[in-house]
Protein chains: 2
Amino acid sequence: MTTPAAVCWRDNRLELLDQRRLPREVKYLTIRSIADIERAIRTLAVRGAPAIGIAAAYGLVVAMSAESPPDEAPEAFRSRLDGFAARLRRARPTAVNLAWAIERVCRRATAEASLPAIRDEAEAIHREDEAICGAIGRHGAPLITPGAGVLTHCNAGSLAVSTLGTATAPMYLRHRDGMPFRVFVDETRPLLQGARLTAWELSRAGLDVTLICDNMAASLMAAGEIDLVLVGTDRVTRNGDVINKIGTLNLAVLCRHFGIPFYVACPSSTYDAATLRGSDVVIEERGPEEVLGDHAARVPVRNPAFDVTPATLVTAIITEHGIARPPLEAALIGFMGRSAAGSARNGERG
Amino acid sequence: MTTPAAVCWRDNRLELLDQRRLPREVKYLTIRSIADIERAIRTLAVRGAPAIGIAAAYGLVVAMSAESPPDEAPEAFRSRLDGFAARLRRARPTAVNLAWAIERVCRRATAEASLPAIRDEAEAIHREDEAICGAIGRHGAPLITPGAGVLTHCNAGSLAVSTLGTATAPMYLRHRDGMPFRVFVDETRPLLQGARLTAWELSRAGLDVTLICDNMAASLMAAGEIDLVLVGTDRVTRNGDVINKIGTLNLAVLCRHFGIPFYVACPSSTYDAATLRGSDVVIEERGPEEVLGDHAARVPVRNPAFDVTPATLVTAIITEHGIARPPLEAALIGFMGRSAAGSARNGERG
């Protein structure tokens, strides 16, 4: 059993796994128009910045094909594409990857205003993302030793990215090699991406998965059941500070206390060399209803979506170019120079 | 606005706050028979070991009154009482306080087989618990300084104990004195006692309460918003290790990392001098359904109900006799000698 792909592209047909229905139901949405892809992105049927970018690029191809008049002039082609692009960009304005992928497709059309050209570009975006995840997996896999207990948080898996995910890529490769190990998944309050998505995709793929509440990590670490923590990230600042889903700092502090390595996996494009340190990043504070649900007393709530893990608590950052170890800034800047898509980025994985 | 009492006893009438309905509805159950009190305890309408003990003692009085024949001989009185006691003891066999309170009532009837005598014993149990909470509050209150941010976990409040609770007693007294400070409450997965009960009772009493997810504590500590952590406990072992709701160890490790004091509040009867250390205590592992709910993927779950915080991470333990500071073992044994109810104890607070 394997995990269904978040974005399926075959014979010019785009299907998106409807992540709103997970884990109860595995259902694909067929995307036939600009309205379909816009709605899928806006309503979070597809989520995770890289997956959104890939879906949007294919979505543009589908939209352009659907209404393609015969013998369309290059100017008319580009003008139609620009209209679709503008509409799609507004579907989720904070997802940096969305704008980046749309921009790549439009730029390609500037040089070559044809359906085959933009389809090729969308497929390139998809293939590059898969290649990056594969490289992260290969670099990270040796960190998982036979019998290890790996703890992860939120969803930096195939549902958010492409086939292998980022933090999950080393796990998928080790599993593919037949190596036995256990994955503990934090449920990741308040939106429960760990319980809903990561636990689901890893168990679908046949990995040995155990779900825990976020507050149980210390207890398992004290009992010697966790050998490493491996998480994704939304942004790494110049000095190596890691911005990721709320609760990540919690794990990093516990790792330091219990002497457990704390690893972060991400494409090198997640490195934001222009932002000096984590404290320079404004953390999104989300609404109280996510925390309160139906059960809680009606009281004020704090709901920061992300936290900042200082570079000093990070054992290493696994990228497609290799493993960056402290001093992280020097190591990451070295990798940046080698990244063709150095200015490309991956935004939040929600 | 004040918090409704968990156990109400007035004019020989016993009413229990139905905690299963909180925070949606404040509704009291009138206890009129042994079946009523048995059901209330068994179905968790009343919860928290001290509250269960008090409710059971009053429940015996109610049951004995309801069916009291005229001119009952002492032997017949004791025999009826023993029957009710045996039935009630089985209602929640792991709640040590339940058996302890029932035993006190029965012992009193051995000396004096009358309704007034057992009513007096039940009221004494209740008054002693209130006095202990008051003393914990007075000793602990100075630890909360003006403007402080206090973080607590689970429910060691008035709903679990009597009027002031244990961990909440210093907070209630400081608030009564008009001192401004903030309380952050961990929602306390999986059963959400913080979100459902503590946030509710503190906000009802007018305190400045903010609810957070358990995984947000590190982020708030890093931001300097937490000045102390104050929790209850189910058991303190001889060496000062603290057994409390899962997630407590997590907070204690964070406190050490961020240089924040970590306080535990409990009656001296919670000190279990016969158990040498926390690792000697078997931690209850509860069912997966508490963690999985309706939302999660159907995967294996770990659900330890409690964790062990080593004495080395505890700044101090606040008891009715004063504040025990390291070395905790010597300090706690000193307090034990002063405790009339030294062998009495308070079991889990659920």
# chains A, B, ... in the order shown; residues from 1 in each chain; ligands from 1

call {"tool": "interface_residues", "arguments": {"of": "chain B", "to": "chain A", "cutoff": "9 Å", "atoms": "only C-alpha atoms", "output": "PyMOL selection string"}}
result
chain B and resi 22-24+187-190+192-201+203+208-219+222+246-251+253-254+256-257+291-292+295-304+306-309

call {"tool": "residues_around", "arguments": {"residues": "Tyr28 in chain A", "least_positions_apart": "6", "cutoff": "7 Å", "atoms": "only C-alpha atoms", "output": "list in words"}}
result
Glu15, Leu16, Leu17 and Asp18 of chain A

call {"tool": "write_last_selection", "arguments": {"atoms": "C-alpha atoms", "output": "CSV table (one decimal), in the first residue's frame"}}
result
chain,number,residue,atom,x,y,z
A,15,GLU,CA,-6.4,15.4,-10.3
A,16,LEU,CA,-5.9,16.6,-6.8
A,17,LEU,CA,-6.3,14.5,-3.7
A,18,ASP,CA,-9.0,16.3,-1.6

call {"tool": "atom_distance", "arguments": {"atom1": "CA of Val236 in chain A", "atom2": "CA of Gly278 in chain A"}}
result
7.9 Å

call {"tool": "atom_distance", "arguments": {"atom1": "CA of Leu98 in chain A", "atom2": "CA of Glu123 in chain A"}}
result
15.1 Å

call {"tool": "residues_around", "arguments": {"residues": "Arg42 in chain A", "least_positions_apart": "2", "cutoff": "10 Å", "atoms": "only C-alpha atoms", "output": "PyMOL selection string"}}
result
chain A and resi 36-40+44-47+88+90-93

call {"tool": "write_last_selection", "arguments": {"atoms": "N, CA and C atoms", "output": "CSV table (one decimal), in the first residue's frame"}}
result
chain,number,residue,atom,x,y,z
A,36,ASP,N,-12.1,25.6,-11.2
A,36,ASP,CA,-11.8,24.4,-10.4
A,36,ASP,C,-10.5,24.5,-9.6
A,37,ILE,N,-9.4,24.9,-10.3
A,37,ILE,CA,-8.1,25.0,-9.6
A,37,ILE,C,-8.1,26.1,-8.5
A,38,GLU,N,-8.8,27.2,-8.9
A,38,GLU,CA,-8.9,28.3,-7.9
A,38,GLU,C,-9.6,27.9,-6.7
A,39,ARG,N,-10.7,27.2,-6.8
A,39,ARG,CA,-11.5,26.7,-5.7
A,39,ARG,C,-10.7,25.7,-4.9
A,40,ALA,N,-10.0,24.8,-5.5
A,40,ALA,CA,-9.2,23.8,-4.8
A,40,ALA,C,-8.1,24.4,-3.9
A,44,LEU,N,-8.4,24.8,0.4
A,44,LEU,CA,-7.4,23.9,1.0
A,44,LEU,C,-7.6,22.4,0.6
A,45,ALA,N,-8.3,22.2,-0.5
A,45,ALA,CA,-8.3,20.8,-1.0
A,45,ALA,C,-6.9,20.4,-1.2
A,46,VAL,N,-6.1,21.3,-1.8
A,46,VAL,CA,-4.6,21.0,-1.9
A,46,VAL,C,-3.9,22.0,-0.9
A,47,ARG,N,-2.9,21.6,-0.2
A,47,ARG,CA,-2.3,22.4,0.8
A,47,ARG,C,-0.8,22.0,0.8
A,88,LEU,N,-5.4,33.3,-10.2
A,88,LEU,CA,-4.9,32.2,-9.4
A,88,LEU,C,-4.0,32.7,-8.2
A,90,ARG,N,-4.4,35.3,-6.5
A,90,ARG,CA,-5.2,35.8,-5.4
A,90,ARG,C,-5.8,34.7,-4.6
A,91,ALA,N,-5.7,33.4,-5.1
A,91,ALA,CA,-6.4,32.3,-4.4
A,91,ALA,C,-5.8,32.1,-3.0
A,92,ARG,N,-4.6,32.3,-2.8
A,92,ARG,CA,-3.9,32.2,-1.5
A,92,ARG,C,-2.7,33.1,-1.5
A,93,PRO,N,-2.9,34.3,-1.2
A,93,PRO,CA,-1.9,35.3,-1.4
A,93,PRO,C,-0.6,35.1,-0.5

call {"tool": "closest_residue", "arguments": {"among": "A:Arg235, A:Arg176, A:His321, A:Arg127", "to": "Ile283 in chain A", "atoms": "only C-alpha atoms"}}
result
A:Arg235

call {"tool": "residues_around", "arguments": {"residues": "Val105 in chain A", "least_positions_apart": "3", "cutoff": "7 Å", "atoms": "only C-alpha atoms", "output": "ChimeraX atom specification"}}
result
/A:57,101-102,108-109,118,121-122

call {"tool": "write_last_selection", "arguments": {"atoms": "all heavy atoms", "output": "PDB file, in the first residue's frame"}}
result
ATOM      1  N   ALA A  57       0.624  25.328 -11.361  1.00  0.00           N
ATOM      2  CA  ALA A  57       1.273  25.295 -12.673  1.00  0.00           C
ATOM      3  C   ALA A  57       0.487  24.395 -13.632  1.00  0.00           C
ATOM      4  O   ALA A  57       0.168  24.781 -14.763  1.00  0.00           O
ATOM      5  CB  ALA A  57       2.720  24.798 -12.526  1.00  0.00           C
ATOM      6  N   ALA A 101       5.568  29.623  -8.722  1.00  0.00           N
ATOM      7  CA  ALA A 101       5.281  28.644  -9.783  1.00  0.00           C
ATOM      8  C   ALA A 101       4.531  29.305 -10.939  1.00  0.00           C
ATOM      9  O   ALA A 101       4.827  29.046 -12.117  1.00  0.00           O
ATOM     10  CB  ALA A 101       4.472  27.477  -9.200  1.00  0.00           C
ATOM     11  N   ILE A 102       3.578  30.160 -10.614  1.00  0.00           N
ATOM     12  CA  ILE A 102       2.813  30.872 -11.650  1.00  0.00           C
ATOM     13  C   ILE A 102       3.762  31.729 -12.491  1.00  0.00           C
ATOM     14  O   ILE A 102       3.690  31.765 -13.725  1.00  0.00           O
ATOM     15  CB  ILE A 102       1.712  31.742 -10.994  1.00  0.00           C
ATOM     16  CG1 ILE A 102       0.632  30.837 -10.373  1.00  0.00           C
ATOM     17  CG2 ILE A 102       1.099  32.720 -11.989  1.00  0.00           C
ATOM     18  CD1 ILE A 102      -0.349  31.576  -9.475  1.00  0.00           C
ATOM     19  N   ARG A 108       7.956  31.368 -19.049  1.00  0.00           N
ATOM     20  CA  ARG A 108       8.188  30.423 -20.141  1.00  0.00           C
ATOM     21  C   ARG A 108       7.361  30.807 -21.379  1.00  0.00           C
ATOM     22  O   ARG A 108       7.842  30.724 -22.518  1.00  0.00           O
ATOM     23  CB  ARG A 108       7.812  29.011 -19.674  1.00  0.00           C
ATOM     24  CG  ARG A 108       7.953  27.936 -20.749  1.00  0.00           C
ATOM     25  CD  ARG A 108       9.434  27.694 -21.088  1.00  0.00           C
ATOM     26  NE  ARG A 108       9.573  26.646 -22.076  1.00  0.00           N
ATOM     27  CZ  ARG A 108       9.860  25.367 -21.773  1.00  0.00           C
ATOM     28  NH1 ARG A 108      10.084  25.002 -20.523  1.00  0.00           N
ATOM     29  NH2 ARG A 108       9.958  24.462 -22.723  1.00  0.00           N
ATOM     30  N   ALA A 109       6.124  31.277 -21.101  1.00  0.00           N
ATOM     31  CA  ALA A 109       5.239  31.673 -22.206  1.00  0.00           C
ATOM     32  C   ALA A 109       5.732  32.941 -22.901  1.00  0.00           C
ATOM     33  O   ALA A 109       5.423  33.181 -24.070  1.00  0.00           O
ATOM     34  CB  ALA A 109       3.814  31.871 -21.700  1.00  0.00           C
ATOM     35  N   ILE A 118       4.253  25.525 -21.948  1.00  0.00           N
ATOM     36  CA  ILE A 118       3.882  25.713 -20.531  1.00  0.00           C
ATOM     37  C   ILE A 118       3.652  24.363 -19.842  1.00  0.00           C
ATOM     38  O   ILE A 118       3.916  24.219 -18.652  1.00  0.00           O
ATOM     39  CB  ILE A 118       2.671  26.662 -20.340  1.00  0.00           C
ATOM     40  CG1 ILE A 118       1.397  26.129 -20.996  1.00  0.00           C
ATOM     41  CG2 ILE A 118       3.002  28.069 -20.826  1.00  0.00           C
ATOM     42  CD1 ILE A 118       0.146  26.918 -20.600  1.00  0.00           C
ATOM     43  N   GLU A 121       6.959  23.288 -18.754  1.00  0.00           N
ATOM     44  CA  GLU A 121       7.427  24.035 -17.584  1.00  0.00           C
ATOM     45  C   GLU A 121       6.775  23.491 -16.306  1.00  0.00           C
ATOM     46  O   GLU A 121       7.438  23.322 -15.273  1.00  0.00           O
ATOM     47  CB  GLU A 121       7.100  25.528 -17.746  1.00  0.00           C
ATOM     48  CG  GLU A 121       7.792  26.431 -16.743  1.00  0.00           C
ATOM     49  CD  GLU A 121       9.317  26.448 -16.891  1.00  0.00           C
ATOM     50  OE1 GLU A 121       9.810  26.241 -18.024  1.00  0.00           O
ATOM     51  OE2 GLU A 121      10.013  26.650 -15.869  1.00  0.00           O
ATOM     52  N   ALA A 122       5.478  23.239 -16.367  1.00  0.00           N
ATOM     53  CA  ALA A 122       4.783  22.692 -15.193  1.00  0.00           C
ATOM     54  C   ALA A 122       5.379  21.338 -14.804  1.00  0.00           C
ATOM     55  O   ALA A 122       5.627  21.058 -13.620  1.00  0.00           O
ATOM     56  CB  ALA A 122       3.286  22.557 -15.489  1.00  0.00           C
TER      57      ALA A 122
END

call {"tool": "select_by_dssp", "arguments": {"residues": "range 116-314 of chain B", "states": "strand (DSSP E)", "output": "PyMOL selection string"}}
result
chain B and resi 149-152+182-186+208-212+228-231+235-237+242-245+262-265+271-272+306-309

call {"tool": "write_last_selection", "arguments": {"atoms": "N, CA, C and O atoms", "output": "compact mmCIF listing (two decimals), in the first residue's frame"}}
result
# COMPACT_ATOMS: atom_id res chain seq x y z
N GLY B 149 3.20 36.11 34.83
CA GLY B 149 2.51 35.16 33.96
C GLY B 149 2.69 33.77 34.56
O GLY B 149 3.82 33.30 34.71
N VAL B 150 1.59 33.13 34.94
CA VAL B 150 1.63 31.81 35.56
C VAL B 150 1.09 30.81 34.55
O VAL B 150 0.03 31.04 33.96
N LEU B 151 1.80 29.72 34.36
CA LEU B 151 1.29 28.67 33.47
C LEU B 151 0.91 27.46 34.31
O LEU B 151 1.67 27.03 35.18
N THR B 152 -0.30 26.91 34.06
CA THR B 152 -0.69 25.68 34.76
C THR B 152 -1.16 24.64 33.75
O THR B 152 -1.36 24.95 32.57
N ARG B 182 -1.51 37.14 35.19
CA ARG B 182 -2.17 36.38 34.14
C ARG B 182 -1.95 34.89 34.35
O ARG B 182 -0.88 34.48 34.79
N VAL B 183 -2.96 34.13 34.02
CA VAL B 183 -2.81 32.67 34.06
C VAL B 183 -2.94 32.12 32.65
O VAL B 183 -3.92 32.39 31.95
N PHE B 184 -1.94 31.37 32.21
CA PHE B 184 -2.02 30.63 30.95
C PHE B 184 -2.37 29.18 31.32
O PHE B 184 -1.77 28.61 32.22
N VAL B 185 -3.32 28.63 30.60
CA VAL B 185 -3.77 27.27 30.90
C VAL B 185 -3.50 26.38 29.68
O VAL B 185 -4.00 26.64 28.59
N ASP B 186 -2.71 25.32 29.88
CA ASP B 186 -2.51 24.29 28.85
C ASP B 186 -3.83 23.58 28.61
O ASP B 186 -4.50 23.17 29.57
N ASP B 208 -7.67 36.49 35.05
CA ASP B 208 -7.24 36.80 33.68
C ASP B 208 -6.64 35.53 33.08
O ASP B 208 -5.48 35.20 33.34
N VAL B 209 -7.44 34.80 32.32
CA VAL B 209 -7.07 33.47 31.83
C VAL B 209 -6.87 33.47 30.33
O VAL B 209 -7.67 34.05 29.59
N THR B 210 -5.83 32.80 29.87
CA THR B 210 -5.61 32.60 28.43
C THR B 210 -5.35 31.12 28.19
O THR B 210 -4.50 30.52 28.84
N LEU B 211 -6.07 30.56 27.25
CA LEU B 211 -5.91 29.15 26.92
C LEU B 211 -4.87 28.99 25.82
O LEU B 211 -4.86 29.75 24.85
N ILE B 212 -4.00 27.99 25.96
CA ILE B 212 -3.03 27.68 24.91
C ILE B 212 -3.03 26.16 24.65
O ILE B 212 -3.45 25.39 25.50
N LEU B 228 6.41 31.73 35.99
CA LEU B 228 6.48 30.52 36.79
C LEU B 228 5.46 29.51 36.27
O LEU B 228 4.46 29.89 35.67
N VAL B 229 5.77 28.23 36.51
CA VAL B 229 4.82 27.16 36.22
C VAL B 229 4.36 26.61 37.56
O VAL B 229 5.17 26.44 38.49
N LEU B 230 3.07 26.36 37.70
CA LEU B 230 2.49 25.90 38.95
C LEU B 230 1.47 24.81 38.64
O LEU B 230 0.46 25.08 37.98
N VAL B 231 1.78 23.59 39.06
CA VAL B 231 0.90 22.45 38.76
C VAL B 231 0.58 21.67 40.02
O VAL B 231 1.22 21.85 41.06
N ARG B 235 0.99 12.15 42.93
CA ARG B 235 1.81 11.46 43.89
C ARG B 235 3.23 12.02 43.85
O ARG B 235 3.76 12.26 42.76
N VAL B 236 3.84 12.21 45.01
CA VAL B 236 5.25 12.58 45.10
C VAL B 236 5.96 11.42 45.78
O VAL B 236 5.56 11.00 46.87
N THR B 237 6.97 10.87 45.12
CA THR B 237 7.68 9.72 45.73
C THR B 237 8.72 10.21 46.74
O THR B 237 9.01 11.40 46.84
N VAL B 242 7.91 13.73 40.92
CA VAL B 242 6.51 14.15 40.87
C VAL B 242 5.77 13.39 39.76
O VAL B 242 6.14 13.48 38.59
N ILE B 243 4.73 12.65 40.13
CA ILE B 243 3.89 11.99 39.13
C ILE B 243 2.66 12.87 38.92
O ILE B 243 1.92 13.17 39.85
N ASN B 244 2.48 13.32 37.71
CA ASN B 244 1.32 14.19 37.42
C ASN B 244 0.90 13.96 35.97
O ASN B 244 1.54 13.24 35.21
N LYS B 245 -0.16 14.59 35.61
CA LYS B 245 -0.75 14.48 34.27
C LYS B 245 0.31 14.54 33.16
O LYS B 245 1.24 15.32 33.23
N PHE B 262 9.73 26.04 38.56
CA PHE B 262 8.70 25.02 38.36
C PHE B 262 8.20 24.56 39.73
O PHE B 262 8.92 23.91 40.47
N TYR B 263 6.97 24.96 40.06
CA TYR B 263 6.40 24.65 41.37
C TYR B 263 5.30 23.61 41.28
O TYR B 263 4.52 23.61 40.34
N VAL B 264 5.24 22.80 42.33
CA VAL B 264 4.20 21.77 42.45
C VAL B 264 3.44 22.05 43.75
O VAL B 264 4.07 22.31 44.77
N ALA B 265 2.11 22.01 43.72
CA ALA B 265 1.32 22.23 44.92
C ALA B 265 0.54 20.97 45.25
O ALA B 265 -0.07 20.36 44.37
N TYR B 271 2.40 12.90 49.60
CA TYR B 271 3.78 12.40 49.66
C TYR B 271 3.74 10.91 49.99
O TYR B 271 3.24 10.50 51.04
N ASP B 272 4.28 10.12 49.09
CA ASP B 272 4.27 8.67 49.24
C ASP B 272 5.67 8.22 49.61
O ASP B 272 6.47 7.84 48.75
N PHE B 306 0.03 9.74 32.74
CA PHE B 306 0.87 10.52 33.64
C PHE B 306 2.31 10.46 33.17
O PHE B 306 2.67 9.61 32.38
N ASP B 307 3.14 11.39 33.67
CA ASP B 307 4.57 11.25 33.48
C ASP B 307 5.27 11.53 34.79
O ASP B 307 4.66 11.95 35.78
N VAL B 308 6.58 11.27 34.80
CA VAL B 308 7.36 11.41 36.02
C VAL B 308 8.34 12.57 35.84
O VAL B 308 9.19 12.53 34.95
N THR B 309 8.22 13.58 36.66
CA THR B 309 9.16 14.69 36.63
C THR B 309 10.19 14.45 37.72
O THR B 309 9.84 14.38 38.90

call {"tool": "select_by_dssp", "arguments": {"residues": "range 26-96 of chain A", "states": "alpha helix (DSSP H)", "output": "mmCIF file with N, CA and C atoms, in the first residue's frame"}}
result
data_model
loop_
_atom_site.group_PDB
_atom_site.id
_atom_site.type_symbol
_atom_site.label_atom_id
_atom_site.label_comp_id
_atom_site.auth_asym_id
_atom_site.auth_seq_id
_atom_site.Cartn_x
_atom_site.Cartn_y
_atom_site.Cartn_z
ATOM 1 N N ILE A 34 -10.186 26.970 -14.815
ATOM 2 C CA ILE A 34 -9.533 27.888 -13.887
ATOM 3 C C ILE A 34 -10.340 27.991 -12.601
ATOM 4 N N ALA A 35 -11.668 27.929 -12.709
ATOM 5 C CA ALA A 35 -12.509 28.002 -11.500
ATOM 6 C C ALA A 35 -12.258 26.802 -10.588
ATOM 7 N N ASP A 36 -12.077 25.622 -11.198
ATOM 8 C CA ASP A 36 -11.820 24.409 -10.403
ATOM 9 C C ASP A 36 -10.515 24.524 -9.606
ATOM 10 N N ILE A 37 -9.439 24.943 -10.276
ATOM 11 C CA ILE A 37 -8.147 24.993 -9.584
ATOM 12 C C ILE A 37 -8.135 26.109 -8.545
ATOM 13 N N GLU A 38 -8.789 27.218 -8.894
ATOM 14 C CA GLU A 38 -8.871 28.335 -7.947
ATOM 15 C C GLU A 38 -9.579 27.880 -6.662
ATOM 16 N N ARG A 39 -10.704 27.179 -6.837
ATOM 17 C CA ARG A 39 -11.485 26.728 -5.679
ATOM 18 C C ARG A 39 -10.695 25.708 -4.859
ATOM 19 N N ALA A 40 -9.992 24.815 -5.533
ATOM 20 C CA ALA A 40 -9.228 23.770 -4.827
ATOM 21 C C ALA A 40 -8.147 24.387 -3.939
ATOM 22 N N ILE A 41 -7.504 25.440 -4.453
ATOM 23 C CA ILE A 41 -6.448 26.089 -3.673
ATOM 24 C C ILE A 41 -7.056 26.906 -2.529
ATOM 25 N N ARG A 42 -8.103 27.655 -2.860
ATOM 26 C CA ARG A 42 -8.718 28.535 -1.876
ATOM 27 C C ARG A 42 -9.301 27.752 -0.696
ATOM 28 N N ALA A 49 2.930 24.305 0.642
ATOM 29 C CA ALA A 49 3.363 25.250 -0.377
ATOM 30 C C ALA A 49 3.866 24.608 -1.667
ATOM 31 N N PRO A 50 4.754 23.616 -1.616
ATOM 32 C CA PRO A 50 5.235 23.049 -2.878
ATOM 33 C C PRO A 50 4.094 22.411 -3.671
ATOM 34 N N ALA A 51 3.215 21.684 -2.983
ATOM 35 C CA ALA A 51 2.094 21.035 -3.668
ATOM 36 C C ALA A 51 1.182 22.082 -4.308
ATOM 37 N N ILE A 52 0.969 23.190 -3.635
ATOM 38 C CA ILE A 52 0.136 24.257 -4.200
ATOM 39 C C ILE A 52 0.778 24.809 -5.473
ATOM 40 N N GLY A 53 2.083 24.989 -5.434
ATOM 41 C CA GLY A 53 2.787 25.525 -6.598
ATOM 42 C C GLY A 53 2.670 24.593 -7.794
ATOM 43 N N ILE A 54 2.888 23.306 -7.549
ATOM 44 C CA ILE A 54 2.803 22.319 -8.630
ATOM 45 C C ILE A 54 1.382 22.264 -9.188
ATOM 46 N N ALA A 55 0.392 22.243 -8.278
ATOM 47 C CA ALA A 55 -1.006 22.182 -8.706
ATOM 48 C C ALA A 55 -1.375 23.411 -9.527
ATOM 49 N N ALA A 56 -0.879 24.570 -9.124
ATOM 50 C CA ALA A 56 -1.213 25.807 -9.834
ATOM 51 C C ALA A 56 -0.614 25.805 -11.240
ATOM 52 N N ALA A 57 0.624 25.328 -11.361
ATOM 53 C CA ALA A 57 1.273 25.295 -12.673
ATOM 54 C C ALA A 57 0.487 24.395 -13.632
ATOM 55 N N TYR A 58 0.134 23.200 -13.171
ATOM 56 C CA TYR A 58 -0.687 22.308 -13.995
ATOM 57 C C TYR A 58 -2.062 22.918 -14.235
ATOM 58 N N GLY A 59 -2.588 23.585 -13.226
ATOM 59 C CA GLY A 59 -3.910 24.200 -13.340
ATOM 60 C C GLY A 59 -3.951 25.212 -14.475
ATOM 61 N N LEU A 60 -2.866 25.958 -14.627
ATOM 62 C CA LEU A 60 -2.792 26.929 -15.720
ATOM 63 C C LEU A 60 -2.819 26.209 -17.075
ATOM 64 N N VAL A 61 -2.107 25.094 -17.159
ATOM 65 C CA VAL A 61 -2.083 24.327 -18.405
ATOM 66 C C VAL A 61 -3.493 23.833 -18.740
ATOM 67 N N VAL A 62 -4.175 23.299 -17.734
ATOM 68 C CA VAL A 62 -5.539 22.798 -17.931
ATOM 69 C C VAL A 62 -6.459 23.939 -18.380
ATOM 70 N N ALA A 63 -6.361 25.065 -17.711
ATOM 71 C CA ALA A 63 -7.237 26.199 -18.025
ATOM 72 C C ALA A 63 -6.978 26.696 -19.449
ATOM 73 N N MET A 64 -5.707 26.751 -19.826
ATOM 74 C CA MET A 64 -5.349 27.222 -21.164
ATOM 75 C C MET A 64 -5.816 26.224 -22.234
ATOM 76 N N SER A 65 -5.714 24.929 -21.945
ATOM 77 C CA SER A 65 -6.141 23.908 -22.907
ATOM 78 C C SER A 65 -7.650 23.945 -23.105
ATOM 79 N N ALA A 66 -8.360 24.118 -22.006
ATOM 80 C CA ALA A 66 -9.812 23.991 -22.026
ATOM 81 C C ALA A 66 -10.470 24.958 -22.998
ATOM 82 N N PRO A 74 0.386 34.458 -30.449
ATOM 83 C CA PRO A 74 1.151 34.468 -29.193
ATOM 84 C C PRO A 74 0.672 35.529 -28.213
ATOM 85 N N GLU A 75 0.331 36.738 -28.711
ATOM 86 C CA GLU A 75 -0.111 37.797 -27.794
ATOM 87 C C GLU A 75 -1.414 37.407 -27.103
ATOM 88 N N ALA A 76 -2.313 36.822 -27.876
ATOM 89 C CA ALA A 76 -3.599 36.422 -27.306
ATOM 90 C C ALA A 76 -3.392 35.315 -26.262
ATOM 91 N N PHE A 77 -2.477 34.381 -26.590
ATOM 92 C CA PHE A 77 -2.156 33.290 -25.662
ATOM 93 C C PHE A 77 -1.654 33.858 -24.330
ATOM 94 N N ARG A 78 -0.651 34.766 -24.443
ATOM 95 C CA ARG A 78 -0.069 35.331 -23.226
ATOM 96 C C ARG A 78 -1.081 36.151 -22.448
ATOM 97 N N SER A 79 -1.957 36.836 -23.163
ATOM 98 C CA SER A 79 -2.936 37.673 -22.490
ATOM 99 C C SER A 79 -3.938 36.805 -21.715
ATOM 100 N N ARG A 80 -4.371 35.696 -22.354
ATOM 101 C CA ARG A 80 -5.253 34.772 -21.636
ATOM 102 C C ARG A 80 -4.550 34.205 -20.409
ATOM 103 N N LEU A 81 -3.295 33.786 -20.595
ATOM 104 C CA LEU A 81 -2.529 33.201 -19.490
ATOM 105 C C LEU A 81 -2.371 34.197 -18.339
ATOM 106 N N ASP A 82 -2.061 35.461 -18.686
ATOM 107 C CA ASP A 82 -1.889 36.477 -17.638
ATOM 108 C C ASP A 82 -3.163 36.655 -16.828
ATOM 109 N N GLY A 83 -4.289 36.594 -17.520
ATOM 110 C CA GLY A 83 -5.573 36.725 -16.809
ATOM 111 C C GLY A 83 -5.776 35.591 -15.814
ATOM 112 N N PHE A 84 -5.522 34.363 -16.270
ATOM 113 C CA PHE A 84 -5.650 33.202 -15.378
ATOM 114 C C PHE A 84 -4.654 33.310 -14.212
ATOM 115 N N ALA A 85 -3.430 33.730 -14.548
ATOM 116 C CA ALA A 85 -2.380 33.817 -13.533
ATOM 117 C C ALA A 85 -2.776 34.797 -12.433
ATOM 118 N N ALA A 86 -3.301 35.951 -12.832
ATOM 119 C CA ALA A 86 -3.682 36.967 -11.849
ATOM 120 C C ALA A 86 -4.780 36.424 -10.932
ATOM 121 N N ARG A 87 -5.712 35.714 -11.536
ATOM 122 C CA ARG A 87 -6.821 35.167 -10.763
ATOM 123 C C ARG A 87 -6.332 34.114 -9.746
ATOM 124 N N LEU A 88 -5.408 33.284 -10.195
ATOM 125 C CA LEU A 88 -4.905 32.197 -9.356
ATOM 126 C C LEU A 88 -4.015 32.709 -8.222
ATOM 127 N N ARG A 89 -3.248 33.770 -8.542
ATOM 128 C CA ARG A 89 -2.364 34.344 -7.531
ATOM 129 C C ARG A 89 -3.149 34.794 -6.297
ATOM 130 N N VAL A 96 3.895 31.654 -0.793
ATOM 131 C CA VAL A 96 4.954 32.190 -1.651
ATOM 132 C C VAL A 96 5.185 31.313 -2.869
#

call {"tool": "residues_around", "arguments": {"residues": "Thr163 in chain B", "least_positions_apart": "2", "cutoff": "9 Å", "atoms": "only C-alpha atoms", "output": "list in words"}}
result
Thr3, Pro4, Ala5, Ala6, Asp129, Glu130, Cys133, Gly134, Gly157, Ser158, Leu159, Val161, Gly165 and Ala169 of chain B

call {"tool": "atom_distance", "arguments": {"atom1": "CA of Trp100 in chain B", "atom2": "CA of Ser269 in chain B"}}
result
11.6 Å
